[in-house]
file data34.tsv (TSV, C-alpha atoms)
chain	number	residue	atom	x	y	z
N	1	ALA	CA	112.80	118.35	108.48
N	2	ASN	CA	109.43	119.57	107.42
N	3	ARG	CA	107.02	116.95	108.78
N	4	ARG	CA	103.45	116.78	107.60
N	5	GLN	CA	101.21	114.89	109.95
N	6	LEU	CA	97.80	116.02	108.79
N	7	SER	CA	95.67	113.20	107.49
N	8	GLY	CA	94.95	113.64	103.83
N	9	SER	CA	98.02	115.78	103.21
N	10	ARG	CA	99.91	114.96	100.05
N	11	VAL	CA	103.57	114.18	100.64
N	12	GLY	CA	105.69	113.57	97.54
N	13	VAL	CA	107.89	110.59	96.68
N	14	ARG	CA	111.02	112.31	97.99
N	15	SER	CA	109.25	113.10	101.28
N	16	LEU	CA	108.09	109.52	101.90
N	17	GLU	CA	111.48	108.25	100.84
N	18	THR	CA	113.36	110.49	103.26
N	19	GLU	CA	110.75	110.73	106.02
N	20	TYR	CA	110.29	106.96	106.36
N	21	GLY	CA	113.58	105.60	104.97
N	22	LEU	CA	111.89	103.97	101.99
N	23	PRO	CA	113.84	102.52	99.07
N	24	PRO	CA	112.83	104.16	95.75
N	25	LYS	CA	110.55	101.33	94.50
N	26	LEU	CA	108.65	101.18	97.78
N	27	ALA	CA	108.44	104.99	98.01
N	28	SER	CA	107.00	105.17	94.50
N	29	VAL	CA	104.19	102.68	95.19
N	30	ALA	CA	103.45	104.11	98.65
N	31	THR	CA	103.17	107.60	97.14
N	32	ALA	CA	100.88	106.32	94.39
N	33	LEU	CA	98.61	104.75	97.01
N	34	GLN	CA	98.66	107.92	99.06
N	35	SER	CA	97.65	110.02	96.07
N	36	LEU	CA	94.45	108.02	95.46
N	37	PRO	CA	91.38	110.01	96.54
N	38	ASN	CA	89.78	107.40	98.84
N	39	ASP	CA	90.25	104.17	100.76
N	40	ARG	CA	88.13	102.15	98.32
N	41	LEU	CA	90.55	102.91	95.47
N	42	ARG	CA	93.57	102.21	97.69
N	43	TYR	CA	92.17	98.79	98.61
N	44	GLN	CA	91.30	98.05	94.97
N	45	GLN	CA	94.92	98.81	94.10
N	46	LEU	CA	96.16	96.50	96.88
N	47	MET	CA	93.90	93.73	95.58
N	48	ALA	CA	95.27	94.25	92.06
N	49	MET	CA	98.80	93.98	93.47
N	50	ALA	CA	97.77	90.79	95.31
N	51	SER	CA	96.55	89.21	92.09
N	52	LYS	CA	99.94	89.83	90.44
N	53	LEU	CA	102.07	88.45	93.31
N	54	LYS	CA	104.14	85.44	92.26
N	55	PRO	CA	102.95	82.28	94.04
N	56	MET	CA	104.95	81.18	97.06
N	57	ALA	CA	106.05	77.54	97.04
N	58	LYS	CA	104.01	75.39	99.46
N	59	GLU	CA	107.18	74.02	101.05
N	60	LEU	CA	108.07	77.58	102.15
N	61	LYS	CA	104.78	77.99	104.04
N	62	THR	CA	106.11	76.67	107.33
N	63	PRO	CA	105.37	77.79	110.91
N	64	ASP	CA	108.73	79.56	111.19
N	65	ARG	CA	107.79	81.74	108.20
N	66	LYS	CA	104.31	82.60	109.48
N	67	VAL	CA	103.84	86.22	110.58
N	68	PRO	CA	102.65	86.27	114.22
N	69	GLY	CA	99.85	88.52	115.42
N	70	CYS	CA	97.97	88.80	112.14
N	71	LEU	CA	94.34	87.64	111.88
N	72	SER	CA	95.10	86.45	108.34
N	73	THR	CA	97.59	83.68	107.65
N	74	VAL	CA	100.67	85.42	106.23
N	75	HIS	CA	103.97	83.74	105.29
N	76	VAL	CA	107.18	85.49	104.24
N	77	HIS	CA	110.54	84.15	103.15
N	78	ALA	CA	113.78	86.02	102.52
N	79	THR	CA	116.72	84.85	100.43
N	80	LEU	CA	120.12	86.52	100.76
N	81	GLU	CA	121.55	86.84	97.26
N	82	THR	CA	125.28	86.65	96.44
N	83	ASP	CA	125.38	90.42	95.79
N	84	GLY	CA	124.19	91.14	99.35
N	85	THR	CA	120.62	92.02	98.41
N	86	ILE	CA	117.55	90.22	99.69
N	87	THR	CA	114.78	88.68	97.60
N	88	TRP	CA	111.42	88.34	99.32
N	89	GLN	CA	108.55	85.94	98.75
N	90	GLY	CA	105.23	85.95	100.52
N	91	ASP	CA	101.60	84.96	100.54
N	92	SER	CA	98.40	85.39	102.53
N	93	ASP	CA	94.98	83.77	102.63
N	94	ALA	CA	93.31	87.21	102.69
N	95	LEU	CA	93.31	89.54	99.70
N	96	ILE	CA	94.13	92.84	101.45
N	97	SER	CA	96.91	91.20	103.47
N	98	LYS	CA	98.21	89.61	100.28
N	99	GLY	CA	98.23	93.08	98.68
N	100	LEU	CA	100.32	94.40	101.57
N	101	VAL	CA	102.65	91.42	101.19
N	102	ALA	CA	102.94	92.25	97.47
N	103	LEU	CA	103.71	95.88	98.32
N	104	LEU	CA	106.57	94.80	100.58
N	105	VAL	CA	107.84	91.92	98.40
N	106	ASN	CA	108.00	94.17	95.33
N	107	GLY	CA	109.21	97.24	97.21
N	108	LEU	CA	111.92	95.57	99.29
N	109	SER	CA	113.27	92.81	97.03
N	110	GLY	CA	116.67	93.84	95.72
N	111	CYS	CA	117.45	95.92	98.80
N	112	THR	CA	120.21	95.32	101.31
N	113	ALA	CA	119.57	94.45	104.96
N	114	ASP	CA	120.63	97.99	105.94
N	115	GLU	CA	118.15	99.53	103.48
N	116	ILE	CA	115.37	97.31	104.79
N	117	SER	CA	116.13	97.99	108.46
N	118	ALA	CA	115.99	101.76	107.73
N	119	VAL	CA	112.32	101.50	106.69
N	120	GLN	CA	109.98	102.89	109.32
N	121	PRO	CA	106.71	100.90	109.42
N	122	GLU	CA	104.75	104.13	109.94
N	123	PHE	CA	104.98	104.65	106.17
N	124	ILE	CA	101.92	102.35	105.92
N	125	LYS	CA	99.82	104.93	107.79
N	126	ALA	CA	101.28	107.76	105.69
N	127	SER	CA	100.28	105.81	102.58
N	128	GLY	CA	96.66	105.87	103.73
N	129	ILE	CA	96.15	102.10	103.94
N	130	THR	CA	95.57	101.43	107.62
N	131	ALA	CA	91.78	101.65	107.84
N	132	SER	CA	91.14	97.88	107.95
N	133	LEU	CA	94.46	96.44	109.10
N	134	THR	CA	94.39	93.99	112.00
call {"tool": "encode", "arguments": {"input": "data34.tsv", "output": "structure tokens"}}
result
Amino acid sequence: ANRRQLSGSRVGVRSLETEYGLPPKLASVATALQSLPNDRLRYQQLMAMASKLKPMAKELKTPDRKVPGCLSTVHVHATLETDGTITWQGDSDALISKGLVALLVNGLSGCTADEISAVQPEFIKASGITASLT
């Protein structure tokens, strides 16, 4: 496979999809973020995604759904649907983290467990949104 590892290189939707095992919805958004000319615009887009994320029910924000190792408080919840796909919900107390949650909730909801487990987390770096992640 033709791998591009130069920072700032433009890899198309098909490349991110195949290179990092991304489902089509996630590949599309990741590619759109990657194509933005600078970090400021990428983070503005993440914040816009955060503002559109459906609220997560308070009763789902339990310790067992809290993401460990994140400076922000992040909760995620998965529901296995009858058709074998998974629907995700999530929230964070920090806007950028909430934008990342929205990226994953929107990009991975409706996927199967096999599709989700095929996703390589390095796609975040390839999307150009790692500058302020902790």
call {"tool": "closest_atom_pairs", "arguments": {"input": "data34.tsv", "of": "segment 17-72 of chain N", "to": "segment 108-116 of chain N", "cutoff": "9 Å", "atoms": "only C-alpha atoms", "output": "CSV"}}
result
residue,atom,partner,partner_atom,distance
N:Gly21,CA,N:Glu115,CA,7.7
N:Leu22,CA,N:Glu115,CA,7.8
N:Pro23,CA,N:Glu115,CA,6.9
N:Lys25,CA,N:Leu108,CA,7.6
N:Leu26,CA,N:Leu108,CA,6.7
call {"tool": "atom_distance", "arguments": {"input": "data34.tsv", "atom1": "atom CA of Glu81 of chain N", "atom2": "atom CA of Gln120 of chain N"}}
result
23.2 Å
call {"tool": "atom_distance", "arguments": {"input": "data34.tsv", "atom1": "atom CA of Ser117 of chain N", "atom2": "atom CA of Glu19 of chain N"}}
result
14.0 Å
call {"tool": "atom_distance", "arguments": {"input": "data34.tsv", "atom1": "atom CA of Val105 of chain N", "atom2": "atom CA of Asp83 of chain N"}}
result
17.8 Å
call {"tool": "closest_residue", "arguments": {"input": "data34.tsv", "among": "N:Thr62, N:Gln44, N:Asn106, N:Thr130", "to": "Ala27 of chain N", "atoms": "all atoms listed in the file"}}
result
N:Asn106
call {"tool": "residues_around", "arguments": {"input": "data34.tsv", "residues": "Lys66 of chain N", "least_positions_apart": "6", "cutoff": "7 Å", "atoms": "only C-alpha atoms", "output": "PyMOL selection string"}}
result
chain N and resi 74-76
call {"tool": "residues_around", "arguments": {"input": "data34.tsv", "residues": "Leu46 of chain N", "least_positions_apart": "2", "cutoff": "7 Å", "atoms": "only C-alpha atoms", "output": "PyMOL selection string"}}
result
chain N and resi 42-44+48-50+96+99-100
call {"tool": "closest_residue", "arguments": {"input": "data34.tsv", "among": "N:Ala94, N:Ala118, N:Leu53, N:Leu60", "to": "Thr73 of chain N", "atoms": "only C-alpha atoms"}}
result
N:Ala94
